[in-house]
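Colleague: Below: one structure in structure tokens.
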Amino acid sequence: MRDIDCRQITEAVSALFQEACVCLPEDVLIAIKRAKQREQSPVAQGVLDEILENAKIAAEEKLPLCQDCGVAVVFLEVGQEVHITGGDLRQAIDEGIRQGYAEGYLRKSMVRQPFSARVNTKDNTPAVIHTDIVPGDKFKMTVMSKGGGSENMSRLFMLTPVEGRRGVVDCVVRTVDEAGSNPCPPVIVGVGIGGTAEMALILAKRALLREVGKPNPDTEVAELEKEILKRIDNLGIGPMGYGGRVTALGVHIEVFPAHIASLPVAVNLQCHSARHSEITL
């Protein structure tokens, strides 16, 4: 059994969110640069140049990439031989967010009683936490600052099995088409297929953490990603909705077995400012 102190988790969470909100991951930057090479519209190319310039300034000046510093989403992979000591895990994570958002001068966007009073919590807590128990004695944290504009475009479809592959393609493309410029394209399209309603939604969110454009290792799923990406780019929405060839940087699909009567499909869109960071303790 390996002990990990809550104070170490708090420090890590604080640092991770400050890094994520300021520095775009290298794979995202590469994907945007490749998008500019593929893009033919001068206006769209100009938009992509501005996105890259914004990322450069944010990293150099230690400023948030976007004014919307998002919901604090945390994915945990907790080794079954890990013992958390010195406090409560959730409280340790929330304290890290509280410190990180204050020290990094990041906007706090979480509100209590969202259907009525909508009073800001003033520290961007509580976190949205997804936990997997895995073999070993490691503790991995991946944080994501998920902006409201792209998150609002999430969709869940409970298809019937007869709708099959074609139904999956159509509902994903329709989601991006209806979203238009709202999620700040070029987007990354996370898709979860299978499981139950909530499982599909988590799969779609988790898919956004994959290296941008890296295909699913299952060749059939990879072909599905390729087809959907082609159809999305043919929509002509383009960077920030100004038109062009590039509407998505990638389509990432994760699949889980489903009930014989079900075909859940969830879509979670990520704006071009795909902010996430990770650490293994």
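Lettering and numbering for the structure tokens are positional, with chains as A, B, ... in the shown order, residues counted from 1 in each chain, and ligands counted from 1 in the shown order.
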Neighbours of A:Pro186 within 9 Å (only C-alpha atoms; same-chain residues fewer than 3 positions away dropped), as a list in words?
Modeller: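 Close residues of A:Pro186: Ile32, Ala35, Leu48, Ser181, Pro183, Ile237, Gly238, Pro239, Met240, Gly241, Val246, Thr247, Ala248, Leu249, Gly250, Gln270, Cys271 and His272 of chain A.
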Colleague: I'd like the contact shell of stretch 89-104 of chain A - 10 Å cut-off, only C-alpha atoms, skipping same-chain residues fewer than 6 positions apart - returned as number ranges by chain.
Modeller: A: 5-19, 21-22, 62-64, 69, 72, 74, 122-129
Colleague: Using only C-alpha atoms, which residues sit within 10 Å of A:Val191 once same-chain residues fewer than 2 positions away are excluded, as a list in words?
Modeller: Ser154, Arg155, Leu156, Val168, Val172, Ile188, Val189, Ile193, Ala200, Leu201, Ile202, Leu203, Ala204, Lys205, Arg206, Ala207, Leu208, Glu225, Val251, His252, Ile253, Glu254, Val255, Val265, Ala266, Val267, Asn268 and Leu269 of chain A
Colleague: Keeping N, CA and C atoms, export the residues of the selection given above as a PDB file, in the first residue's frame.
Modeller:
```pdb
ATOM      1  N   SER A 154     -23.417  20.185 -25.964  1.00  0.00           N
ATOM      2  CA  SER A 154     -23.437  18.733 -25.751  1.00  0.00           C
ATOM      3  C   SER A 154     -24.809  18.164 -26.099  1.00  0.00           C
ATOM      4  N   ARG A 155     -24.808  16.939 -26.598  1.00  0.00           N
ATOM      5  CA  ARG A 155     -26.059  16.284 -26.955  1.00  0.00           C
ATOM      6  C   ARG A 155     -25.995  14.797 -26.607  1.00  0.00           C
ATOM      7  N   LEU A 156     -27.147  14.243 -26.235  1.00  0.00           N
ATOM      8  CA  LEU A 156     -27.283  12.809 -25.994  1.00  0.00           C
ATOM      9  C   LEU A 156     -28.400  12.282 -26.867  1.00  0.00           C
ATOM     10  N   VAL A 168     -25.452   6.989 -36.137  1.00  0.00           N
ATOM     11  CA  VAL A 168     -24.377   7.610 -35.363  1.00  0.00           C
ATOM     12  C   VAL A 168     -23.772   8.776 -36.136  1.00  0.00           C
ATOM     13  N   VAL A 172     -24.096  12.923 -34.978  1.00  0.00           N
ATOM     14  CA  VAL A 172     -22.890  13.681 -34.635  1.00  0.00           C
ATOM     15  C   VAL A 172     -22.730  14.887 -35.559  1.00  0.00           C
ATOM     16  N   ILE A 188     -12.906  20.188 -31.348  1.00  0.00           N
ATOM     17  CA  ILE A 188     -12.584  18.771 -31.220  1.00  0.00           C
ATOM     18  C   ILE A 188     -13.888  18.105 -30.821  1.00  0.00           C
ATOM     19  N   VAL A 189     -14.248  17.039 -31.528  1.00  0.00           N
ATOM     20  CA  VAL A 189     -15.542  16.394 -31.327  1.00  0.00           C
ATOM     21  C   VAL A 189     -15.345  15.097 -30.555  1.00  0.00           C
ATOM     22  N   ILE A 193     -20.044   6.161 -27.537  1.00  0.00           N
ATOM     23  CA  ILE A 193     -21.046   5.245 -28.086  1.00  0.00           C
ATOM     24  C   ILE A 193     -21.151   4.029 -27.179  1.00  0.00           C
ATOM     25  N   ALA A 200     -22.191   6.994 -21.808  1.00  0.00           N
ATOM     26  CA  ALA A 200     -21.879   7.559 -23.118  1.00  0.00           C
ATOM     27  C   ALA A 200     -21.398   8.999 -22.985  1.00  0.00           C
ATOM     28  N   LEU A 201     -22.021   9.760 -22.092  1.00  0.00           N
ATOM     29  CA  LEU A 201     -21.622  11.151 -21.891  1.00  0.00           C
ATOM     30  C   LEU A 201     -20.214  11.258 -21.315  1.00  0.00           C
ATOM     31  N   ILE A 202     -19.879  10.389 -20.372  1.00  0.00           N
ATOM     32  CA  ILE A 202     -18.531  10.393 -19.803  1.00  0.00           C
ATOM     33  C   ILE A 202     -17.502   9.964 -20.855  1.00  0.00           C
ATOM     34  N   LEU A 203     -17.843   8.974 -21.660  1.00  0.00           N
ATOM     35  CA  LEU A 203     -16.943   8.551 -22.736  1.00  0.00           C
ATOM     36  C   LEU A 203     -16.652   9.707 -23.696  1.00  0.00           C
ATOM     37  N   ALA A 204     -17.695  10.460 -24.024  1.00  0.00           N
ATOM     38  CA  ALA A 204     -17.521  11.583 -24.949  1.00  0.00           C
ATOM     39  C   ALA A 204     -16.600  12.646 -24.358  1.00  0.00           C
ATOM     40  N   LYS A 205     -16.763  12.932 -23.070  1.00  0.00           N
ATOM     41  CA  LYS A 205     -15.905  13.924 -22.416  1.00  0.00           C
ATOM     42  C   LYS A 205     -14.466  13.404 -22.333  1.00  0.00           C
ATOM     43  N   ARG A 206     -14.311  12.139 -21.974  1.00  0.00           N
ATOM     44  CA  ARG A 206     -12.974  11.561 -21.863  1.00  0.00           C
ATOM     45  C   ARG A 206     -12.259  11.522 -23.221  1.00  0.00           C
ATOM     46  N   ALA A 207     -13.026  11.354 -24.290  1.00  0.00           N
ATOM     47  CA  ALA A 207     -12.432  11.289 -25.630  1.00  0.00           C
ATOM     48  C   ALA A 207     -11.709  12.578 -25.992  1.00  0.00           C
ATOM     49  N   LEU A 208     -12.117  13.688 -25.385  1.00  0.00           N
ATOM     50  CA  LEU A 208     -11.489  14.971 -25.679  1.00  0.00           C
ATOM     51  C   LEU A 208     -10.054  15.052 -25.175  1.00  0.00           C
ATOM     52  N   GLU A 225     -14.421   7.637 -37.345  1.00  0.00           N
ATOM     53  CA  GLU A 225     -13.920   8.975 -37.017  1.00  0.00           C
ATOM     54  C   GLU A 225     -13.568   9.747 -38.294  1.00  0.00           C
ATOM     55  N   VAL A 251     -12.013  14.183 -34.680  1.00  0.00           N
ATOM     56  CA  VAL A 251     -13.164  13.480 -34.123  1.00  0.00           C
ATOM     57  C   VAL A 251     -12.619  12.294 -33.340  1.00  0.00           C
ATOM     58  N   HIS A 252     -12.916  12.250 -32.044  1.00  0.00           N
ATOM     59  CA  HIS A 252     -12.425  11.186 -31.173  1.00  0.00           C
ATOM     60  C   HIS A 252     -13.614  10.387 -30.648  1.00  0.00           C
ATOM     61  N   ILE A 253     -13.641   9.113 -30.941  1.00  0.00           N
ATOM     62  CA  ILE A 253     -14.751   8.255 -30.533  1.00  0.00           C
ATOM     63  C   ILE A 253     -14.260   7.200 -29.552  1.00  0.00           C
ATOM     64  N   GLU A 254     -15.016   7.027 -28.471  1.00  0.00           N
ATOM     65  CA  GLU A 254     -14.776   5.944 -27.529  1.00  0.00           C
ATOM     66  C   GLU A 254     -16.033   5.079 -27.474  1.00  0.00           C
ATOM     67  N   VAL A 255     -15.827   3.759 -27.416  1.00  0.00           N
ATOM     68  CA  VAL A 255     -16.944   2.814 -27.523  1.00  0.00           C
ATOM     69  C   VAL A 255     -16.968   1.890 -26.313  1.00  0.00           C
ATOM     70  N   VAL A 265     -25.663   7.451 -27.926  1.00  0.00           N
ATOM     71  CA  VAL A 265     -24.601   8.224 -28.578  1.00  0.00           C
ATOM     72  C   VAL A 265     -24.552   9.602 -27.930  1.00  0.00           C
ATOM     73  N   ALA A 266     -23.414   9.946 -27.379  1.00  0.00           N
ATOM     74  CA  ALA A 266     -23.234  11.259 -26.758  1.00  0.00           C
ATOM     75  C   ALA A 266     -22.188  12.044 -27.530  1.00  0.00           C
ATOM     76  N   VAL A 267     -22.404  13.352 -27.644  1.00  0.00           N
ATOM     77  CA  VAL A 267     -21.474  14.236 -28.341  1.00  0.00           C
ATOM     78  C   VAL A 267     -21.088  15.362 -27.398  1.00  0.00           C
ATOM     79  N   ASN A 268     -19.785  15.561 -27.218  1.00  0.00           N
ATOM     80  CA  ASN A 268     -19.281  16.649 -26.398  1.00  0.00           C
ATOM     81  C   ASN A 268     -18.276  17.436 -27.222  1.00  0.00           C
ATOM     82  N   LEU A 269     -18.568  18.693 -27.463  1.00  0.00           N
ATOM     83  CA  LEU A 269     -17.695  19.521 -28.290  1.00  0.00           C
ATOM     84  C   LEU A 269     -16.715  20.301 -27.424  1.00  0.00           C
TER      85      LEU A 269
END
```
Colleague: Taking the DSSP assignment computed from this structure's backbone, write out as a ChimeraX atom specification all residues of stretch 135-216 of chain A that belong to alpha helix (DSSP H).
Modeller: /A:148-151,164-179,197-207
Colleague: Please produce a file of the residues just selected, as a compact mmCIF listing (two decimals), in the first residue's frame, where the atoms kept are C-alpha atoms.
Modeller:
```txt
# COMPACT_ATOMS: atom_id res chain seq x y z
CA GLY A 148 -19.57 26.96 -21.11
CA GLY A 149 -19.98 27.84 -24.79
CA SER A 150 -18.80 24.46 -26.02
CA GLU A 151 -20.31 22.49 -23.14
CA GLY A 164 -26.78 1.69 -36.54
CA ARG A 165 -23.67 3.28 -37.99
CA ARG A 166 -25.54 5.68 -40.24
CA GLY A 167 -27.56 6.95 -37.30
CA VAL A 168 -24.38 7.61 -35.36
CA VAL A 169 -22.82 9.59 -38.22
CA ASP A 170 -25.95 11.64 -38.82
CA CYS A 171 -26.52 12.66 -35.19
CA VAL A 172 -22.89 13.68 -34.64
CA VAL A 173 -22.76 15.77 -37.82
CA ARG A 174 -26.15 17.31 -37.01
CA THR A 175 -24.89 18.31 -33.56
CA VAL A 176 -21.94 20.20 -35.04
CA ASP A 177 -24.10 21.76 -37.75
CA GLU A 178 -26.68 23.03 -35.27
CA ALA A 179 -23.94 24.32 -32.95
CA ALA A 197 -26.88 7.35 -21.06
CA GLU A 198 -24.46 8.62 -18.41
CA MET A 199 -21.66 6.29 -19.54
CA ALA A 200 -21.88 7.56 -23.12
CA LEU A 201 -21.62 11.15 -21.89
CA ILE A 202 -18.53 10.39 -19.80
CA LEU A 203 -16.94 8.55 -22.74
CA ALA A 204 -17.52 11.58 -24.95
CA LYS A 205 -15.90 13.92 -22.42
CA ARG A 206 -12.97 11.56 -21.86
CA ALA A 207 -12.43 11.29 -25.63
```
Colleague: Go ahead and compute the interatomic distance for atom CA of A:Glu81 and atom CA of A:Arg2, in Å to one decimal.
Modeller: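 For atom CA of A:Glu81 relative to atom CA of A:Arg2, the distance reads 6.2 Å.
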Colleague: List the neighbours of A:Thr142 out to 10 Å using only C-alpha atoms; skip same-chain residues closer than 2 positions along the sequence, and give me the result as number ranges by chain.
Modeller: A: 13, 16-17, 73-77, 130, 140, 144, 206, 209, 276-280
Colleague: For the selection just defined, write its residues with N, CA and C atoms to a file, as a compact mmCIF listing (two decimals), in the first residue's frame.
Modeller:
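What ended up in again_15.txt:
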```
# COMPACT_ATOMS: atom_id res chain seq x y z
N VAL A 13 -3.18 19.92 -8.08
CA VAL A 13 -4.38 20.43 -8.74
C VAL A 13 -4.25 21.93 -9.02
N LEU A 16 -1.82 22.37 -11.92
CA LEU A 16 -2.35 21.84 -13.18
C LEU A 16 -3.35 22.80 -13.82
N PHE A 17 -4.27 23.35 -13.03
CA PHE A 17 -5.26 24.25 -13.61
C PHE A 17 -4.63 25.57 -14.06
N VAL A 73 -13.04 20.28 -14.39
CA VAL A 73 -13.32 18.85 -14.54
C VAL A 73 -12.04 18.09 -14.21
N VAL A 74 -12.15 17.05 -13.39
CA VAL A 74 -10.99 16.28 -12.97
C VAL A 74 -11.24 14.79 -13.20
N PHE A 75 -10.36 14.17 -13.97
CA PHE A 75 -10.39 12.72 -14.17
C PHE A 75 -9.32 12.08 -13.30
N LEU A 76 -9.72 11.12 -12.48
CA LEU A 76 -8.79 10.43 -11.59
C LEU A 76 -8.64 8.97 -12.01
N GLU A 77 -7.41 8.50 -12.01
CA GLU A 77 -7.13 7.06 -12.11
C GLU A 77 -6.41 6.69 -10.82
N HIS A 130 -14.48 12.60 -12.06
CA HIS A 130 -14.75 11.25 -12.57
C HIS A 130 -13.60 10.35 -12.12
N LYS A 140 -3.16 9.10 -10.90
CA LYS A 140 -3.08 9.99 -12.06
C LYS A 140 -4.24 10.97 -12.03
N MET A 144 -9.29 19.39 -16.74
CA MET A 144 -9.81 20.02 -17.95
C MET A 144 -10.60 21.26 -17.54
N ARG A 206 -14.31 12.14 -21.97
CA ARG A 206 -12.97 11.56 -21.86
C ARG A 206 -12.26 11.52 -23.22
N LEU A 209 -9.66 14.14 -24.29
CA LEU A 209 -8.31 14.16 -23.72
C LEU A 209 -7.29 13.46 -24.60
N HIS A 276 -6.16 21.30 -21.08
CA HIS A 276 -6.07 20.19 -20.11
C HIS A 276 -4.61 19.92 -19.78
N SER A 277 -4.40 19.30 -18.62
CA SER A 277 -3.05 18.98 -18.16
C SER A 277 -3.15 17.79 -17.22
N GLU A 278 -2.05 17.06 -17.06
CA GLU A 278 -2.11 15.85 -16.25
C GLU A 278 -0.81 15.64 -15.47
N ILE A 279 -0.92 14.82 -14.42
CA ILE A 279 0.23 14.44 -13.61
C ILE A 279 -0.03 13.08 -13.01
N THR A 280 1.02 12.30 -12.79
CA THR A 280 0.95 11.03 -12.09
C THR A 280 1.79 11.13 -10.83
```
